[in-house]
$ cat query_13.txt   # compact mmCIF, C-alpha atoms
# COMPACT_ATOMS: atom_id res chain seq x y z
CA MET A 15 81.34 94.59 28.05
CA LYS A 16 84.93 95.03 29.20
CA PRO A 17 85.07 97.11 32.37
CA ARG A 18 87.32 100.17 32.32
CA THR A 19 89.41 101.51 35.14
CA THR A 20 89.37 105.25 35.51
CA LEU A 21 91.36 107.44 37.85
CA LEU A 22 88.14 108.26 39.66
CA GLN A 23 87.44 104.57 40.23
CA ARG A 24 90.92 104.03 41.61
CA LEU A 25 90.51 106.96 43.95
CA ALA A 26 87.12 105.67 45.03
CA LEU A 27 88.77 102.38 45.93
CA ALA A 28 91.64 103.90 47.82
CA ALA A 29 90.09 106.87 49.60
CA PRO A 30 87.68 105.08 51.95
CA THR A 31 90.34 102.58 52.86
CA ILE A 32 92.68 105.22 54.16
CA GLY A 33 89.78 106.87 55.90
CA ALA A 34 88.74 103.62 57.49
CA LEU A 35 92.19 102.91 58.90
CA HIS A 36 92.63 106.46 60.11
CA ILE A 37 89.21 106.56 61.67
CA ALA A 38 89.77 103.24 63.35
CA GLY A 39 93.08 104.38 64.75
CA LEU A 40 91.98 107.83 65.85
CA ALA A 41 88.54 107.19 67.25
CA PRO A 42 89.57 107.03 70.93
CA ALA A 43 91.72 110.15 70.66
CA ALA A 44 88.81 111.99 69.11
CA ALA A 45 86.90 111.34 72.28
CA GLY A 46 89.49 113.42 74.05
CA GLN A 47 90.19 111.10 76.96
CA ALA A 48 92.44 108.49 75.65
CA VAL A 49 95.98 107.65 75.40
CA ARG A 50 97.40 106.27 72.20
CA ASN A 51 96.50 102.71 71.25
CA PRO A 52 99.71 100.64 71.15
CA ASN A 53 97.88 98.22 68.90
CA ALA A 54 97.41 101.00 66.37
CA ASP A 55 101.18 101.31 65.88
CA ALA A 56 101.19 98.42 63.48
CA ALA A 57 98.53 100.17 61.44
CA ALA A 58 100.84 103.12 60.97
CA VAL A 59 102.93 101.07 58.60
CA LYS A 60 100.93 101.39 55.42
CA THR A 61 101.70 98.33 53.40
CA ALA A 62 99.58 97.56 50.36
CA GLU A 63 97.74 94.92 52.36
CA GLN A 64 96.68 97.47 54.93
CA PHE A 65 94.94 99.56 52.31
CA ALA A 66 92.05 97.12 52.30
CA THR A 67 88.95 98.26 54.18
CA PRO A 68 88.72 95.90 57.16
CA GLU A 69 86.01 93.27 56.91
CA SER A 70 85.46 93.55 60.66
CA PRO A 71 86.62 96.97 61.87
CA ALA A 72 86.26 96.07 65.55
CA PHE A 73 88.75 93.21 65.18
CA THR A 74 91.20 95.40 63.27
CA PHE A 75 90.83 98.15 65.88
CA LEU A 76 91.81 95.72 68.64
CA ASN A 77 94.43 94.03 66.44
CA PHE A 78 92.59 90.80 67.11
CA ALA A 79 92.21 87.84 64.75
CA PRO A 80 89.59 85.56 66.29
CA ALA A 81 89.67 81.88 65.41
CA THR A 82 85.87 81.78 65.39
CA VAL A 83 83.36 84.56 64.99
CA THR A 84 79.80 84.31 66.32
CA ARG A 85 77.29 85.39 63.68
CA PRO A 86 73.81 85.34 65.18
CA ASN A 87 70.97 84.92 62.68
CA THR A 88 68.06 85.98 64.88
CA PRO A 89 67.46 88.78 67.40
CA ARG A 90 67.23 86.13 70.12
CA ASP A 91 70.62 84.68 69.17
CA PHE A 92 72.08 88.19 69.14
CA VAL A 93 70.78 89.00 72.62
CA ALA A 94 72.02 85.61 73.85
CA ALA A 95 75.45 86.28 72.37
CA LEU A 96 75.60 89.68 74.08
CA ALA A 97 74.47 88.15 77.37
CA ASN A 98 77.19 85.50 77.04
CA GLY A 99 79.72 88.32 76.91
CA ILE A 100 79.21 89.02 80.61
CA ASP A 101 79.78 86.37 83.24
CA GLU A 102 77.66 85.74 86.34
CA THR A 103 79.83 88.06 88.44
CA GLY A 104 79.35 91.02 86.08
CA HIS A 105 82.75 90.76 84.41
CA VAL A 106 83.20 91.16 80.67
CA ARG A 107 84.48 87.94 79.11
CA GLN A 108 87.61 88.24 76.98
CA GLY A 109 87.85 86.77 73.50
CA ILE A 110 84.29 87.52 72.41
CA SER A 111 83.94 88.15 68.66
CA LEU A 112 80.59 88.95 67.15
CA GLU A 113 79.54 90.04 63.70
CA VAL A 114 75.99 90.87 62.62
CA THR A 115 74.02 92.41 59.79
CA PRO A 116 71.62 94.72 61.66
CA ALA A 117 69.15 94.77 58.76
CA TYR A 118 68.35 91.11 59.36
CA LEU A 119 68.03 91.45 63.12
CA ILE A 120 65.67 94.41 63.22
CA PRO A 121 62.22 93.60 61.82
CA GLY A 122 61.31 95.75 58.83
CA LEU A 123 64.86 96.72 57.92
CA GLY A 124 65.67 93.71 55.75
CA ALA A 125 65.23 93.94 52.00
CA GLY A 126 64.05 91.26 49.62
CA LEU A 127 65.90 90.86 46.34
CA ASP A 128 63.60 93.21 44.37
CA ALA A 129 64.02 96.04 46.88
CA TYR A 130 67.75 95.34 47.09
CA GLN A 131 68.11 95.68 43.33
CA THR A 132 66.03 98.85 43.01
CA SER A 133 66.85 100.86 46.14
CA GLN A 134 70.31 102.22 46.87
CA PHE A 135 69.28 102.88 50.48
CA LYS A 136 68.17 99.26 50.97
CA ARG A 137 71.46 98.05 49.50
CA ILE A 138 73.46 100.16 51.95
CA LEU A 139 71.31 98.94 54.83
CA SER A 140 71.55 95.29 53.79
CA ASN A 141 75.34 95.45 53.46
CA THR A 142 76.03 97.23 56.74
CA GLN A 143 78.00 95.02 59.11
CA LEU A 144 78.39 95.56 62.84
CA SER A 145 81.32 93.91 64.59
CA LEU A 146 82.12 93.67 68.26
CA ALA A 147 85.03 92.09 70.10
CA THR A 148 86.63 91.93 73.53
CA VAL A 149 90.30 91.25 74.27
CA ARG A 150 92.56 91.36 77.26
CA ALA A 151 93.96 94.87 77.57
CA SER A 152 97.58 95.10 76.57
CA GLY A 153 99.82 95.14 79.66
CA ASP A 154 96.92 94.76 82.07
CA THR A 155 95.63 91.24 82.52
CA ALA A 156 92.66 92.33 84.60
CA ALA A 157 91.26 94.91 82.19
CA THR A 158 89.31 94.17 79.03
CA ASP A 159 89.14 96.23 75.84
CA LEU A 160 85.88 96.30 73.88
CA GLY A 161 85.92 97.24 70.21
CA VAL A 162 82.81 98.14 68.20
CA GLY A 163 82.96 98.67 64.46
CA LEU A 164 80.69 99.46 61.56
CA ARG A 165 81.34 98.72 57.89
CA LEU A 166 79.21 100.35 55.21
CA THR A 167 79.30 99.62 51.50
CA LEU A 168 78.01 102.82 49.92
CA VAL A 169 78.57 101.88 46.28
CA ASP A 170 79.35 98.52 44.68
CA ARG A 171 78.90 98.33 40.94
CA GLY A 172 80.36 94.83 40.95
CA ASP A 173 77.78 93.33 43.31
CA PRO A 174 76.31 90.28 41.54
CA MET A 175 73.23 90.23 43.77
CA ALA A 176 72.31 93.74 42.61
CA ASP A 177 72.36 92.58 38.98
CA SER A 178 69.00 91.12 37.93
CA SER A 179 70.48 89.22 34.98
CA PHE A 180 72.94 87.48 37.32
CA THR A 181 70.28 86.61 39.88
CA LYS A 182 67.93 85.22 37.21
CA ALA A 183 70.74 83.07 35.85
CA LEU A 184 71.53 81.93 39.40
CA GLY A 185 67.88 81.01 40.02
CA ASP A 186 67.72 79.03 36.76
CA ALA A 187 71.00 77.26 37.57
CA MET A 188 69.97 76.35 41.12
CA LEU A 189 66.64 75.06 39.89
CA SER A 190 68.50 72.62 37.63
CA CYS A 191 69.77 71.00 40.86
CA LYS A 192 66.33 70.39 42.36
CA PRO A 193 65.99 67.05 44.19
CA ARG A 194 63.85 64.29 42.70
CA LEU A 195 62.29 63.39 46.04
CA PRO A 196 62.00 65.07 49.45
CA GLY A 197 65.00 64.43 51.68
CA GLU A 198 67.62 64.33 48.93
CA SER A 199 70.44 66.80 49.46
CA VAL A 200 71.69 68.70 46.42
CA LEU A 201 73.98 71.16 48.20
CA PRO A 202 77.13 70.18 46.23
CA CYS A 203 75.27 70.78 42.96
CA LEU A 204 74.07 74.19 44.21
CA GLY A 205 77.62 75.17 45.14
CA GLU A 206 78.94 74.05 41.78
CA GLN A 207 76.31 76.01 39.86
CA ALA A 208 76.86 79.13 41.97
CA ASP A 209 80.63 78.91 41.43
CA LYS A 210 80.19 78.57 37.67
CA LEU A 211 78.32 81.85 37.55
CA ARG A 212 80.00 83.83 40.31
CA ALA A 213 83.65 83.28 39.34
CA PRO A 214 83.37 84.72 35.80
CA TYR A 215 81.12 87.52 37.04
CA LEU A 216 83.61 88.60 39.69
CA LYS A 217 86.46 88.27 37.21
CA SER A 218 84.76 90.55 34.72
CA HIS A 219 83.80 93.10 37.40
CA TRP A 220 87.02 93.09 39.44
CA ASN A 221 87.61 96.81 38.91
CA SER A 222 84.04 98.08 39.16
CA THR A 223 83.50 101.16 41.28
CA ARG A 224 83.27 100.43 44.99
CA LEU A 225 83.08 102.72 47.97
CA THR A 226 83.30 101.17 51.42
CA VAL A 227 83.84 102.94 54.71
CA ALA A 228 84.58 101.48 58.11
CA PHE A 229 84.59 102.99 61.59
CA ALA A 230 85.63 101.59 64.94
CA THR A 231 85.90 102.73 68.49
CA GLY A 232 86.36 101.11 71.86
CA LEU A 233 86.10 101.13 75.61
CA ARG A 234 88.29 99.76 78.37
CA PHE A 235 86.69 97.97 81.29
CA ASP A 236 88.96 98.32 84.32
CA GLN A 237 89.05 95.02 86.23
CA SER A 238 86.77 93.83 83.37
CA GLN A 239 83.75 95.01 85.34
CA VAL A 240 80.76 96.33 83.44
CA ALA A 241 79.50 98.38 86.35
CA GLY A 242 82.95 99.69 87.21
CA ARG A 243 84.85 102.64 85.86
CA LEU A 244 84.98 102.85 82.09
CA ARG A 245 87.57 104.66 80.06
CA MET A 246 88.56 104.76 76.43
CA PRO A 247 91.32 102.26 75.60
CA PRO A 248 94.73 103.69 74.86
CA MET B 8 58.60 62.67 61.30
CA ALA B 9 57.12 65.89 60.00
CA ASP B 10 58.60 69.29 60.84
CA VAL B 11 55.17 70.92 60.98
CA THR B 12 51.57 69.73 61.39
CA LEU B 13 48.74 71.82 59.98
CA ARG B 14 44.98 71.41 60.27
CA ILE B 15 43.31 71.79 56.91
CA ASP B 16 39.88 72.15 55.36
CA PRO B 17 39.69 69.09 53.06
CA ALA B 18 37.27 70.88 50.77
CA ALA B 19 39.51 73.82 49.96
CA SER B 20 42.62 74.17 47.88
CA ILE B 21 45.88 75.07 49.64
CA GLU B 22 47.95 78.05 48.66
CA VAL B 23 51.69 78.09 49.32
CA ASN B 24 53.62 81.31 48.86
CA PHE B 25 57.41 81.73 48.86
CA VAL B 26 58.79 85.16 49.83
CA VAL B 27 62.48 86.01 50.23
CA ARG B 28 63.17 88.66 52.86
CA SER B 29 66.90 88.97 52.24
CA LYS B 30 69.11 89.62 49.21
CA HIS B 31 69.06 86.02 48.03
CA VAL B 32 67.59 83.99 45.21
CA VAL B 33 65.49 81.01 46.23
CA ALA B 34 64.77 78.06 43.97
CA TYR B 35 61.98 75.84 45.21
CA ARG B 36 60.18 72.58 44.59
CA LEU B 37 56.88 71.64 46.21
CA TRP B 38 55.56 68.08 46.49
CA VAL B 39 52.32 66.60 47.75
CA LYS B 40 51.65 63.01 48.89
CA THR B 41 48.00 62.04 49.03
CA THR B 42 46.51 58.80 50.33
CA PRO B 43 46.31 56.88 48.02
CA PRO B 44 48.51 56.68 45.90
CA ALA B 45 50.99 57.63 48.68
CA GLN B 46 53.65 58.71 46.25
CA TRP B 47 55.28 62.08 46.10
CA GLN B 48 54.06 64.19 43.21
CA VAL B 49 55.68 67.44 42.15
CA VAL B 50 53.24 70.35 42.39
CA ALA B 51 55.52 73.21 41.38
CA ASP B 52 59.07 74.24 40.58
CA GLY B 53 60.27 77.80 40.37
CA HIS B 54 62.56 80.50 41.64
CA THR B 55 62.16 83.99 43.03
CA ALA B 56 64.31 85.93 40.57
CA ASP B 57 62.23 85.48 37.43
CA HIS B 58 59.44 87.98 38.17
CA ILE B 59 56.86 85.18 38.04
CA PRO B 60 54.57 85.03 41.12
CA ASP B 61 55.69 82.39 43.59
CA LEU B 62 52.19 81.49 44.74
CA VAL B 63 51.38 77.80 44.23
CA THR B 64 47.89 76.29 44.46
CA VAL B 65 47.59 72.69 45.64
CA PRO B 66 44.22 71.01 44.86
CA PRO B 67 42.13 69.94 47.91
CA VAL B 68 43.57 66.95 49.78
CA SER B 69 42.27 64.69 52.53
CA PRO B 70 43.64 64.72 56.09
CA GLY B 71 46.63 62.40 56.25
CA ALA B 72 48.19 63.90 53.15
CA GLN B 73 51.64 65.49 53.32
CA LEU B 74 53.35 68.45 51.74
CA ALA B 75 57.09 68.85 51.36
CA PHE B 76 59.18 71.67 49.97
CA TRP B 77 62.80 72.14 49.11
CA LEU B 78 64.49 75.54 49.01
CA GLY B 79 67.82 76.14 47.33
CA ILE B 80 69.18 79.48 48.50
CA GLY B 81 71.84 81.46 46.66
CA GLY B 82 73.57 84.73 47.50
CA ASP B 83 76.81 86.07 48.89
CA PRO B 84 79.08 83.61 50.69
CA ASN B 85 78.44 83.36 54.45
CA SER B 86 75.45 85.70 54.27
CA GLN B 87 72.30 85.63 56.38
CA TYR B 88 69.11 84.63 54.58
CA GLU B 89 65.48 84.74 55.57
CA VAL B 90 62.67 83.07 53.62
CA LEU B 91 59.00 83.20 54.55
CA VAL B 92 56.74 80.38 53.40
CA THR B 93 53.04 80.91 54.04
CA ILE B 94 50.36 78.24 53.76
CA SER B 95 46.74 79.36 53.52
CA GLN B 96 43.26 78.21 52.63
CA ASN B 97 40.16 80.22 51.76
CA GLY B 98 42.28 83.37 51.78
CA LYS B 99 43.33 82.88 55.41
CA MET B 100 46.66 81.74 56.77
CA LEU B 101 46.46 78.35 58.47
CA GLU B 102 47.30 78.22 62.14
CA ASP B 103 51.11 77.76 62.31
CA GLY B 104 51.07 78.19 58.54
CA SER B 105 53.74 80.90 58.53
CA LEU B 106 57.16 79.29 58.33
CA ILE B 107 60.26 81.44 58.59
CA GLU B 108 63.46 79.78 57.44
CA ARG B 109 66.57 81.60 58.63
CA GLY B 110 70.20 80.66 58.29
CA ARG B 111 73.47 81.44 56.63
CA THR B 112 74.84 80.44 53.24
CA ASN B 113 78.08 78.47 53.07
CA GLU B 114 81.41 79.60 51.64
CA LYS B 115 80.05 79.03 48.13
CA GLY B 116 77.06 81.27 48.85
CA VAL B 117 74.43 78.52 48.89
CA ALA B 118 72.23 76.71 51.38
CA GLU B 119 69.31 74.33 51.22
CA VAL B 120 66.26 73.75 53.38
CA GLN B 121 63.77 70.89 53.33
CA VAL B 122 60.51 70.87 55.26
CA LEU B 123 57.95 68.10 55.64
CA ILE B 124 54.39 69.03 56.60
CA ASP B 125 51.66 66.72 57.89
CA LEU B 126 48.15 67.81 56.99
CA THR B 127 45.47 66.68 59.45
$ encode --input "query_13.txt" --output "structure tokens"
Amino acid sequence: MKPRTTLLQRLALAAPTIGALHIAGLAPAAAGQAVRNPNADAAAVKTAEQFATPESPAFTFLNFAPATVTRPNTPRDFVAALANGIDETGHVRQGISLEVTPAYLIPGLGAGLDAYQTSQFKRILSNTQLSLATVRASGDTAATDLGVGLRLTLVDRGDPMADSSFTKALGDAMLSCKPRLPGESVLPCLGEQADKLRAPYLKSHWNSTRLTVAFATGLRFDQSQVAGRLRMPP
Amino acid sequence: MADVTLRIDPAASIEVNFVVRSKHVVAYRLWVKTTPPAQWQVVADGHTADHIPDLVTVPPVSPGAQLAFWLGIGGDPNSQYEVLVTISQNGKMLEDGSLIERGRTNEKGVAEVQVLIDLT
């Protein structure tokens, strides 16, 4: 079936994006203590590119594009990554970038495929992304800014993993790659089969209804000290 | 060298169950190698998105036999997956018979896991 684009769908795409950028830019001011974020000035120029909901709101909030992002897969890795963010003298390290899916770190929150496909709440939970980053404060080499962001996908009618006919086809296709004997790697075949199914699916659902919101806020650590005075970043 | 060693009851069949705990599809293949003939034999193939139970029964084997399974995982690119594989006998989970496979899919949205199990 050929997907249709309605005005409502277009609005649904655009509205959260604007909200996300505004929320990200205004969060410190809303706290009532902060000065304006100089990094947010660039966000004021609303080019078409900037209308995309940020993948990692914390990075966008700090105007930071990390070369590598730590994505812990287990609660232990997450705690270790957080601990690595503070050095032995109690100073916040700069350049930390972390992204996690809380549903897979907190036992009981994760959803299997069946629950994901049948429960809207489980879908929202499974697609919620938490991002965290630290950067050197602008104009102050000793201070560190911390950004924390949350990205929630509330509706995604073009999500292939929520479509049971797509996932069954994917399972059948991956099974065709199965190794003959233990130890044989078939990863290239799996990637090829997944591509064959995903690309046409995404192409045919490019304008499906989606609603994504993102929030971000931050803190400034004076002298980069955790135990020291904290204030909202400008 | 095996990834896991499990103590088994040679008189009882072995049940292997595959459960996905994330929004991924898992294709699997299970082998057994008995002594003799000491050759890998396929016990089951399947995947978790077909609404067919993913519980596989392996006939009783002697100590010294081996099990192996392959998991092909598919989902969103760069997404976290979690798969639980349980191995039980007589309705009870074997000691260390709960294997949790965690990781992240690649940029194409796939990953694979292989595990070799010694049965003693």
$ closest_residue --input "query_13.txt" --among "A:Pro214, A:Gly163, A:Pro89, A:Gly124" --to "chain B" --atoms "only C-alpha atoms"
A:Gly124
$ closest_atom_pairs --input "query_13.txt" --of "chain A" --to "chain B" --cutoff "7 Å" --atoms "all atoms listed in the file" --output "tab-separated table"
residue	atom	partner	partner_atom	distance
A:Asn87	CA	B:Gly110	CA	6.2
A:Gly124	CA	B:Ser29	CA	6.0
A:Ala125	CA	B:Ser29	CA	5.2
A:Gly126	CA	B:Arg28	CA	4.2
A:Leu127	CA	B:Lys30	CA	4.5
A:Tyr130	CA	B:Lys30	CA	6.2
A:Met175	CA	B:Gly82	CA	6.7
A:Thr181	CA	B:Ala56	CA	6.0
A:Lys182	CA	B:Ala56	CA	5.0
A:Gly185	CA	B:His54	CA	5.6
A:Met188	CA	B:Ala34	CA	6.2
A:Leu189	CA	B:Ala34	CA	5.4
A:Lys192	CA	B:Arg36	CA	6.9
A:Pro196	CA	B:Ala75	CA	6.5
A:Gly197	CA	B:Gln121	CA	6.8
A:Leu201	CA	B:Glu119	CA	6.4
A:Leu204	CA	B:Val117	CA	6.4
A:Gly205	CA	B:Lys115	CA	5.5
A:Ala208	CA	B:Lys115	CA	6.9
A:Asp209	CA	B:Lys115	CA	6.7
$ closest_residue --input "query_13.txt" --among "A:Thr82, A:Asn77, A:Thr88, A:Gln143" --to "Ala228 of chain A" --atoms "only C-alpha atoms"
A:Gln143
$ axis_aligned_box --input "query_13.txt" --around "segment 140-153 of chain A" --padding-each-side "5 Å" --output "lines of an AutoDock Vina configuration file"
center_x = 85.7
center_y = 94.2
center_z = 66.6
size_x = 38.3
size_y = 16.0
size_z = 36.2
$ closest_residue --input "query_13.txt" --among "A:Ala117, A:Ile138, A:Leu146, A:Ile100" --to "Pro80 of chain A" --atoms "all atoms listed in the file"
A:Leu146
$ residues_around --input "query_13.txt" --residues "Ala230 of chain A" --least-positions-apart "4" --cutoff "6 Å" --atoms "all atoms listed in the file" --output "list in words"
Ala38, Pro71, Ala72, Val162 and Gly163 of chain A
$ atom_distance --input "query_13.txt" --atom1 "atom CA of Asp128 of chain A" --atom2 "atom CA of Gln96 of chain B"
26.6 Å
$ residues_around --input "query_13.txt" --residues "Ala81 of chain A" --least-positions-apart "6" --cutoff "12 Å" --atoms "only C-alpha atoms" --output "list in words"
Phe73, Gly109, Ile110, Ser111 and Leu112 of chain A
$ atom_distance --input "query_13.txt" --atom1 "atom CA of Phe75 of chain A" --atom2 "atom CA of Thr231 of chain A"
7.2 Å
$ closest_residue --input "query_13.txt" --among "B:Asn97, B:Leu91, B:Gln73, B:Pro84" --to "Val11 of chain B" --atoms "only C-alpha atoms"
B:Gln73
$ residues_around --input "query_13.txt" --residues "Thr103 of chain A" --least-positions-apart "5" --cutoff "12 Å" --atoms "all atoms listed in the file" --output "ChimeraX atom specification"
/A:98,237-241
$ atom_distance --input "query_13.txt" --atom1 "atom CA of Asp170 of chain A" --atom2 "atom CA of Ser222 of chain A"
7.3 Å
$ residues_around --input "query_13.txt" --residues "Leu101 of chain B" --least-positions-apart "4" --cutoff "10 Å" --atoms "only C-alpha atoms" --output "list in words"
Leu13, Arg14, Ile15, Asp16, Ile21, Glu22, Thr93, Ile94, Ser95, Gln96, Asn97 and Ser105 of chain B
